[in-house]
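Content type mmCIF, C-alpha atoms, pLDDT in the B column; chains and numbers go by the auth columns, from the file start.cif:
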```cif
data_run
loop_
_atom_site.group_PDB
_atom_site.id
_atom_site.type_symbol
_atom_site.label_atom_id
_atom_site.label_comp_id
_atom_site.label_asym_id
_atom_site.label_seq_id
_atom_site.Cartn_x
_atom_site.Cartn_y
_atom_site.Cartn_z
_atom_site.B_iso_or_equiv
_atom_site.auth_seq_id
_atom_site.auth_asym_id
ATOM 1 C CA GLU A 1 0.000 0.000 0.000 93.00 268 A
ATOM 2 C CA VAL A 2 1.470 3.299 -1.126 96.00 269 A
ATOM 3 C CA PRO A 3 -0.170 6.228 0.704 95.00 270 A
ATOM 4 C CA LEU A 4 -1.457 8.829 -1.719 97.00 271 A
ATOM 5 C CA ASN A 5 -0.081 11.545 0.543 94.00 272 A
ATOM 6 C CA SER A 6 3.478 10.334 -0.154 93.00 273 A
ATOM 7 C CA PRO A 7 5.738 11.770 -2.883 94.00 274 A
ATOM 8 C CA GLU A 8 4.773 10.601 -6.410 97.00 275 A
ATOM 9 C CA PRO A 9 2.456 7.813 -5.219 98.00 276 A
ATOM 10 C CA PHE A 10 1.099 6.811 -8.626 98.00 277 A
ATOM 11 C CA ARG A 11 4.597 6.499 -10.024 98.00 278 A
ATOM 12 C CA SER A 12 5.500 4.289 -7.045 97.00 279 A
ATOM 13 C CA ILE A 13 2.384 2.147 -7.522 98.00 280 A
ATOM 14 C CA ALA A 14 3.158 1.697 -11.214 98.00 281 A
ATOM 15 C CA ALA A 15 6.771 0.712 -10.481 98.00 282 A
ATOM 16 C CA LEU A 16 5.769 -1.775 -7.767 97.00 283 A
ATOM 17 C CA ALA A 17 2.964 -3.241 -9.876 97.00 284 A
ATOM 18 C CA ALA A 18 5.323 -3.777 -12.815 97.00 285 A
ATOM 19 C CA ARG A 19 8.134 -5.223 -10.692 97.00 286 A
ATOM 20 C CA PHE A 20 6.045 -7.560 -8.535 96.00 287 A
ATOM 21 C CA GLN A 21 3.202 -8.502 -10.897 91.00 288 A
ATOM 22 C CA GLY A 22 1.595 -11.723 -9.699 90.00 289 A
ATOM 23 C CA ARG A 23 3.813 -11.928 -6.598 94.00 290 A
ATOM 24 C CA MET A 24 2.522 -9.039 -4.481 93.00 291 A
ATOM 25 C CA VAL A 25 -0.723 -7.148 -4.075 96.00 292 A
ATOM 26 C CA VAL A 26 -0.053 -3.480 -4.781 97.00 293 A
ATOM 27 C CA GLY A 27 -2.327 -0.528 -4.292 96.00 294 A
ATOM 28 C CA ALA A 28 -2.923 2.755 -2.570 97.00 295 A
ATOM 29 C CA GLY A 29 -3.739 4.023 0.875 96.00 296 A
ATOM 30 C CA THR A 30 -5.359 7.279 1.927 96.00 297 A
ATOM 31 C CA VAL A 31 -7.671 7.086 -1.098 97.00 298 A
ATOM 32 C CA LEU A 32 -10.174 9.886 -0.541 97.00 299 A
ATOM 33 C CA ASP A 33 -12.067 10.320 -3.814 96.00 300 A
ATOM 34 C CA VAL A 34 -13.319 8.600 -6.948 96.00 301 A
ATOM 35 C CA GLU A 35 -10.709 10.262 -9.169 97.00 302 A
ATOM 36 C CA SER A 36 -7.941 8.730 -7.057 98.00 303 A
ATOM 37 C CA VAL A 37 -9.549 5.294 -7.412 98.00 304 A
ATOM 38 C CA ASP A 38 -9.341 5.694 -11.197 98.00 305 A
ATOM 39 C CA ARG A 39 -5.688 6.765 -11.004 98.00 306 A
ATOM 40 C CA VAL A 40 -4.821 3.800 -8.754 98.00 307 A
ATOM 41 C CA LYS A 41 -6.352 1.447 -11.328 98.00 308 A
ATOM 42 C CA SER A 42 -4.528 3.178 -14.192 98.00 309 A
ATOM 43 C CA ALA A 43 -1.232 2.824 -12.313 98.00 310 A
ATOM 44 C CA GLY A 44 -1.757 -0.925 -11.953 98.00 311 A
ATOM 45 C CA GLY A 45 -3.000 -1.000 -8.371 98.00 312 A
ATOM 46 C CA GLN A 46 -5.194 -3.782 -7.081 98.00 313 A
ATOM 47 C CA ILE A 47 -6.393 -2.391 -3.731 98.00 314 A
ATOM 48 C CA SER A 48 -7.873 0.916 -2.628 98.00 315 A
ATOM 49 C CA VAL A 49 -7.452 1.570 1.105 97.00 316 A
ATOM 50 C CA SER A 50 -9.284 4.511 2.659 96.00 317 A
ATOM 51 C CA PRO A 51 -9.437 6.085 6.112 95.00 318 A
ATOM 52 C CA ASP A 52 -13.202 6.523 5.634 95.00 319 A
ATOM 53 C CA CYS A 53 -16.112 4.646 4.069 93.00 320 A
ATOM 54 C CA LYS A 54 -17.542 6.827 1.307 93.00 321 A
ATOM 55 C CA PRO A 55 -19.980 4.551 -0.548 94.00 322 A
ATOM 56 C CA GLY A 56 -19.106 6.201 -3.878 95.00 323 A
ATOM 57 C CA GLY A 57 -15.431 5.397 -3.484 96.00 324 A
ATOM 58 C CA VAL A 58 -16.173 1.817 -2.470 98.00 325 A
ATOM 59 C CA ALA A 59 -18.555 1.293 -5.408 97.00 326 A
ATOM 60 C CA ARG A 60 -16.095 2.847 -7.862 97.00 327 A
ATOM 61 C CA ALA A 61 -13.294 0.568 -6.663 98.00 328 A
ATOM 62 C CA VAL A 62 -15.538 -2.479 -7.108 98.00 329 A
ATOM 63 C CA ASP A 63 -16.610 -1.265 -10.579 97.00 330 A
ATOM 64 C CA ARG A 64 -12.964 -0.800 -11.594 97.00 331 A
ATOM 65 C CA GLY A 65 -11.951 -4.261 -10.371 97.00 332 A
ATOM 66 C CA LEU A 66 -10.064 -3.064 -7.298 98.00 333 A
ATOM 67 C CA VAL A 67 -10.515 -4.473 -3.814 98.00 334 A
ATOM 68 C CA PRO A 68 -11.705 -1.644 -1.565 98.00 335 A
ATOM 69 C CA LEU A 69 -10.677 -1.585 2.095 98.00 336 A
ATOM 70 C CA PRO A 70 -12.662 1.303 3.547 98.00 337 A
ATOM 71 C CA GLY A 71 -11.976 2.589 7.025 97.00 338 A
ATOM 72 C CA VAL A 72 -14.814 2.036 9.471 98.00 339 A
ATOM 73 C CA PHE A 73 -15.254 2.684 13.174 97.00 340 A
ATOM 74 C CA THR A 74 -18.934 2.054 13.800 97.00 341 A
ATOM 75 C CA PRO A 75 -21.337 -0.695 12.763 96.00 342 A
ATOM 76 C CA THR A 76 -23.255 1.920 10.761 96.00 343 A
ATOM 77 C CA GLU A 77 -20.125 2.735 8.749 97.00 344 A
ATOM 78 C CA ALA A 78 -19.331 -0.969 8.352 97.00 345 A
ATOM 79 C CA PHE A 79 -22.768 -1.773 6.941 97.00 346 A
ATOM 80 C CA SER A 80 -22.689 1.304 4.694 97.00 347 A
ATOM 81 C CA ALA A 81 -19.412 0.053 3.204 97.00 348 A
ATOM 82 C CA VAL A 82 -20.757 -3.488 2.843 98.00 349 A
ATOM 83 C CA ARG A 83 -23.878 -2.210 1.060 97.00 350 A
ATOM 84 C CA ALA A 84 -21.599 -0.326 -1.362 97.00 351 A
ATOM 85 C CA GLY A 85 -19.779 -3.575 -2.186 97.00 352 A
ATOM 86 C CA ALA A 86 -16.928 -3.871 0.319 98.00 353 A
ATOM 87 C CA LYS A 87 -15.933 -7.389 1.415 98.00 354 A
ATOM 88 C CA HIS A 88 -12.927 -6.171 3.430 98.00 355 A
ATOM 89 C CA LEU A 89 -13.148 -3.551 6.185 98.00 356 A
ATOM 90 C CA LYS A 90 -10.393 -1.624 7.910 97.00 357 A
ATOM 91 C CA LEU A 91 -11.223 -1.014 11.592 98.00 358 A
ATOM 92 C CA PHE A 92 -9.472 2.315 12.051 95.00 359 A
ATOM 93 C CA PRO A 93 -8.095 3.389 14.392 95.00 360 A
ATOM 94 C CA ALA A 94 -8.259 -0.026 16.025 96.00 361 A
ATOM 95 C CA GLU A 95 -6.390 1.171 19.096 95.00 362 A
ATOM 96 C CA ALA A 96 -9.434 3.274 19.988 96.00 363 A
ATOM 97 C CA ALA A 97 -11.615 0.140 19.882 96.00 364 A
ATOM 98 C CA SER A 98 -10.816 -3.328 21.197 95.00 365 A
ATOM 99 C CA PRO A 99 -10.839 -6.980 20.199 97.00 366 A
ATOM 100 C CA ARG A 100 -14.242 -7.165 21.914 96.00 367 A
ATOM 101 C CA THR A 101 -15.481 -4.690 19.302 96.00 368 A
ATOM 102 C CA VAL A 102 -14.345 -7.047 16.555 97.00 369 A
ATOM 103 C CA LYS A 103 -16.038 -10.011 18.196 97.00 370 A
ATOM 104 C CA ALA A 104 -19.337 -8.122 18.428 97.00 371 A
ATOM 105 C CA TRP A 105 -19.137 -6.948 14.822 97.00 372 A
ATOM 106 C CA LYS A 106 -18.296 -10.413 13.523 97.00 373 A
ATOM 107 C CA ALA A 107 -21.529 -11.668 15.088 97.00 374 A
ATOM 108 C CA VAL A 108 -23.611 -9.389 12.850 97.00 375 A
ATOM 109 C CA LEU A 109 -21.535 -8.757 9.709 98.00 376 A
ATOM 110 C CA PRO A 110 -22.026 -11.046 6.711 98.00 377 A
ATOM 111 C CA LYS A 111 -19.796 -14.114 7.091 97.00 378 A
ATOM 112 C CA ASP A 112 -17.861 -13.346 3.898 97.00 379 A
ATOM 113 C CA VAL A 113 -16.781 -9.891 5.109 98.00 380 A
ATOM 114 C CA LYS A 114 -13.247 -9.760 6.486 98.00 381 A
ATOM 115 C CA LEU A 115 -12.219 -7.260 9.149 98.00 382 A
ATOM 116 C CA TYR A 116 -8.668 -5.928 9.569 97.00 383 A
ATOM 117 C CA ALA A 117 -7.339 -4.085 12.626 97.00 384 A
ATOM 118 C CA VAL A 118 -5.325 -1.018 11.648 96.00 385 A
ATOM 119 C CA GLY A 119 -3.651 1.258 14.158 94.00 386 A
ATOM 120 C CA GLY A 120 -2.191 0.129 17.450 94.00 387 A
ATOM 121 C CA VAL A 121 -1.540 -3.488 16.539 96.00 388 A
ATOM 122 C CA THR A 122 1.682 -4.848 18.043 96.00 389 A
ATOM 123 C CA PRO A 123 3.322 -8.269 18.153 97.00 390 A
ATOM 124 C CA ALA A 124 2.163 -8.491 21.776 96.00 391 A
ATOM 125 C CA ASN A 125 -1.546 -7.876 21.051 96.00 392 A
ATOM 126 C CA MET A 126 -1.864 -9.395 17.571 96.00 393 A
ATOM 127 C CA LYS A 127 -3.138 -12.701 18.974 96.00 394 A
ATOM 128 C CA ASP A 128 -6.009 -10.965 20.811 97.00 395 A
ATOM 129 C CA TRP A 129 -7.168 -9.289 17.595 97.00 396 A
ATOM 130 C CA ALA A 130 -6.897 -12.524 15.608 96.00 397 A
ATOM 131 C CA GLU A 131 -8.794 -14.548 18.195 96.00 398 A
ATOM 132 C CA ALA A 132 -11.570 -11.949 18.109 97.00 399 A
ATOM 133 C CA GLY A 133 -11.958 -12.497 14.366 96.00 400 A
ATOM 134 C CA CYS A 134 -9.584 -10.189 12.504 97.00 401 A
ATOM 135 C CA ALA A 135 -8.448 -11.613 9.180 96.00 402 A
ATOM 136 C CA GLY A 136 -5.305 -9.497 9.193 94.00 403 A
ATOM 137 C CA PHE A 137 -3.698 -6.239 10.176 94.00 404 A
ATOM 138 C CA GLY A 138 -2.478 -2.962 8.792 92.00 405 A
ATOM 139 C CA ILE A 139 0.798 -2.002 10.369 91.00 406 A
ATOM 140 C CA GLY A 140 2.661 1.237 9.834 87.00 407 A
ATOM 141 C CA SER A 141 4.070 3.278 12.673 89.00 408 A
ATOM 142 C CA ASN A 142 4.737 0.203 14.810 92.00 409 A
ATOM 143 C CA ILE A 143 7.240 -0.891 12.152 92.00 410 A
ATOM 144 C CA TYR A 144 8.573 2.496 11.086 91.00 411 A
ATOM 145 C CA LYS A 145 8.698 5.896 12.732 90.00 412 A
ATOM 146 C CA PRO A 146 10.752 8.831 11.438 91.00 413 A
ATOM 147 C CA GLY A 147 14.256 8.639 12.793 93.00 414 A
ATOM 148 C CA MET A 148 14.426 4.852 12.933 94.00 415 A
ATOM 149 C CA ASN A 149 17.375 3.267 11.188 95.00 416 A
ATOM 150 C CA ALA A 150 17.209 0.228 8.894 96.00 417 A
ATOM 151 C CA GLU A 151 18.252 -2.131 11.685 96.00 418 A
ATOM 152 C CA ASP A 152 15.413 -0.906 13.937 96.00 419 A
ATOM 153 C CA VAL A 153 12.880 -1.317 11.133 96.00 420 A
ATOM 154 C CA ALA A 154 14.189 -4.799 10.308 96.00 421 A
ATOM 155 C CA LYS A 155 13.885 -5.881 13.948 97.00 422 A
ATOM 156 C CA ALA A 156 10.341 -4.523 14.223 96.00 423 A
ATOM 157 C CA ALA A 157 9.377 -6.308 10.992 95.00 424 A
ATOM 158 C CA ARG A 158 10.914 -9.586 12.221 96.00 425 A
ATOM 159 C CA ASP A 159 8.945 -9.287 15.469 97.00 426 A
ATOM 160 C CA PHE A 160 5.694 -8.885 13.523 96.00 427 A
ATOM 161 C CA VAL A 161 6.511 -11.795 11.209 95.00 428 A
ATOM 162 C CA ALA A 162 7.295 -14.011 14.209 96.00 429 A
ATOM 163 C CA ALA A 163 3.999 -13.060 15.883 95.00 430 A
ATOM 164 C CA TRP A 164 2.070 -13.718 12.652 93.00 431 A
ATOM 165 C CA ASN A 165 3.795 -17.059 12.127 94.00 432 A
ATOM 166 C CA SER A 166 3.008 -18.011 15.698 93.00 433 A
ATOM 167 C CA LEU A 167 -0.687 -17.323 15.042 90.00 434 A
ATOM 168 C CA ARG A 168 -0.574 -19.514 11.973 86.00 435 A
ATOM 169 C CA GLY A 169 1.322 -22.283 13.750 85.00 436 A
ATOM 170 C CA THR A 170 4.372 -21.991 11.510 76.00 437 A
#
```
Target encoding C-alpha cells, full file:
Amino acid sequence: EVPLNSPEPFRSIAALAARFQGRMVVGAGTVLDVESVDRVKSAGGQISVSPDCKPGGVARAVDRGLVPLPGVFTPTEAFSAVRAGAKHLKLFPAEAASPRTVKAWKAVLPKDVKLYAVGGVTPANMKDWAEAGCAGFGIGSNIYKPGMNAEDVAKAARDFVAAWNSLRGT
C-alpha cells in the first residue's frame, strides 16, 4: 500500500505493480475520492485503502476491479461500506476500539466480510485481535517511525513476522 499523501504515489504504484506482478498485491492508501480510485487502477494497483467509508469510493473501486478496504469505526459505517460492495473492512483506528469490538461486529456482519485491525496493533496484542476475528492487520508506525534506522525497522518487521507465524502455527 502506497499512501497517496506520499511523494509521487502513482509512479511508485506503477513501479511496484510492474516489478512484482503476480507476486505481491499493490495498491494505494489514503484514497479519498473517486478520481484517485481511477488513477490507482490506471497505475496498476489492485487495492484501494481509505481512512473513511464513502460509498461512492467503495462502489467505484468495485466497478474498476479493485478491492476496496474502507476505514470504518462504527457498525453503521461498516454496513454502509458493505452495502456499497466492500468485502474487506479496515477497523481504524483499532487502538481506539478493542478486540471485543471485533467479536461483536463479527456476530452481525455477513460471514464473507473480512475485518482488519489497523492502528495500534503490536506483536504483543496481535493474537487478541486474531482470536476476536480479525483476518489481518495494517501495520505502519509500529514498524517504522521517522528517525528509525534500517536495523530498527528490520527488527520490528521480524517481530511482527514471528507473531504472525506463531498465530498460523508456523
Item to complete: Identify which of the residues A:Asn432, A:Thr343, A:Cys401, A:Val369 lies closest to Lys381 (chain A), counting all atoms listed in the file when measuring atom-to-atom distances.
Response: A:Cys401
Item to complete: Name the residues in contact with Ser315 (chain A) at a cut-off of 8 Å, using all atoms listed in the file, excluding same-chain residues fewer than 6 positions from it; report them as a PyMOL selection string.
Response: chain A and resi 294-296+298+304+307+328+333-337
Discussion item. Please list as a VMD selection string every residue within 8 Å of Ala326 (chain A), counting all atoms listed in the file and excluding residues in the same chain fewer than 2 positions away.
Written reply: chain A and resid 322 to 324 328 to 330 351 to 353
Please tell me which residues are no farther than 12 Å from (-18.0, -13.7, 6.1) in the file, counting only C-alpha atoms, and write them as an mmCIF file with C-alpha atoms, keeping the file's coordinate frame.
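Writing the result to out_20.cif gives the following:
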```cif
data_model
loop_
_atom_site.group_PDB
_atom_site.id
_atom_site.type_symbol
_atom_site.label_atom_id
_atom_site.label_comp_id
_atom_site.auth_asym_id
_atom_site.auth_seq_id
_atom_site.Cartn_x
_atom_site.Cartn_y
_atom_site.Cartn_z
ATOM 1 C CA VAL A 349 -20.757 -3.488 2.843
ATOM 2 C CA ALA A 353 -16.928 -3.871 0.319
ATOM 3 C CA LYS A 354 -15.933 -7.389 1.415
ATOM 4 C CA HIS A 355 -12.927 -6.171 3.430
ATOM 5 C CA LEU A 356 -13.148 -3.551 6.185
ATOM 6 C CA TRP A 372 -19.137 -6.948 14.822
ATOM 7 C CA LYS A 373 -18.296 -10.413 13.523
ATOM 8 C CA ALA A 374 -21.529 -11.668 15.088
ATOM 9 C CA VAL A 375 -23.611 -9.389 12.850
ATOM 10 C CA LEU A 376 -21.535 -8.757 9.709
ATOM 11 C CA PRO A 377 -22.026 -11.046 6.711
ATOM 12 C CA LYS A 378 -19.796 -14.114 7.091
ATOM 13 C CA ASP A 379 -17.861 -13.346 3.898
ATOM 14 C CA VAL A 380 -16.781 -9.891 5.109
ATOM 15 C CA LYS A 381 -13.247 -9.760 6.486
ATOM 16 C CA LEU A 382 -12.219 -7.260 9.149
ATOM 17 C CA GLY A 400 -11.958 -12.497 14.366
ATOM 18 C CA CYS A 401 -9.584 -10.189 12.504
ATOM 19 C CA ALA A 402 -8.448 -11.613 9.180
#
```
Item to complete: Can you turn the PyMOL selection byres ((chain A and resi 360) around 10) into a concrete residue list for this file, as a PyMOL selection string?
Response: chain A and resi 318+338-340+357-359+361-365+384-388
Item to complete: In Å, rounded to a single decimal, give me how far CA of Val428 (chain A) is from CA of Asn416 (chain A).
Response: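 CA of Val428 (chain A) lies 18.6 Å from CA of Asn416 (chain A).
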Worksheet item: Residues around (-4.7, -11.5, 15.8), cut-off 10 Å, counting only C-alpha atoms - what are they as a PyMOL selection string?
Response: chain A and resi 366+383-384+388-404+430-431+434-435
Discussion item. For the PyMOL selection byres ((chain A and resi 271) around 10), applied here, can you spell out every residue it catches as a ChimeraX atom specification?
Written reply: /A:268-270,272-277,279-280,294-299,303,307,316-317
Worksheet item: Hey, can you check how far CA of Arg331 (chain A) sits from CA of Ile314 (chain A)?
Response: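 Taking CA of Arg331 (chain A) as the start and CA of Ile314 (chain A) as the end point, the length is 10.4 Å.
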Practice prompt. Please provide the set of residues having any atom within 7 Å of Tyr411 (chain A), restricted to only C-alpha atoms, with same-chain residues fewer than 4 positions apart removed, written as a PyMOL selection string.
Written response: chain A and resi 407+415+420
Writing out the chosen residues with C-alpha atoms as a compact mmCIF listing (two decimals), in the frame of the given file:
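Contents of the output file selection-v5.txt:
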```txt
# COMPACT_ATOMS: atom_id res chain seq x y z
CA GLY A 407 2.66 1.24 9.83
CA MET A 415 14.43 4.85 12.93
CA VAL A 420 12.88 -1.32 11.13
```
Practice prompt. Enter the distance from CA of Ala423 (chain A) to CA of Ala285 (chain A), in Å, rounded to one decimal.
Written response: 27.5 Å
Worksheet item: Which residue gives the smallest distance to Val293 (chain A) among A:Ser408, A:Gly436, A:Ala281, A:Gly312, with only C-alpha atoms counted?
Response: A:Gly312
Worksheet item: Restricting the calculation to all atoms listed in the file, which member of A:Gly311, A:Gly332, A:Pro342, A:Gly414 is positioned closest to Gln288 (chain A)?
Response: A:Gly311
Need the axis-aligned box for region 421-426 of chain A with 4 Å each side, so what are the centre and edges in Å to one decimal, as lines of an AutoDock Vina configuration file?
```
center_x = 11.6
center_y = -7.1
center_z = 12.9
size_x = 13.2
size_y = 13.1
size_z = 13.2
```
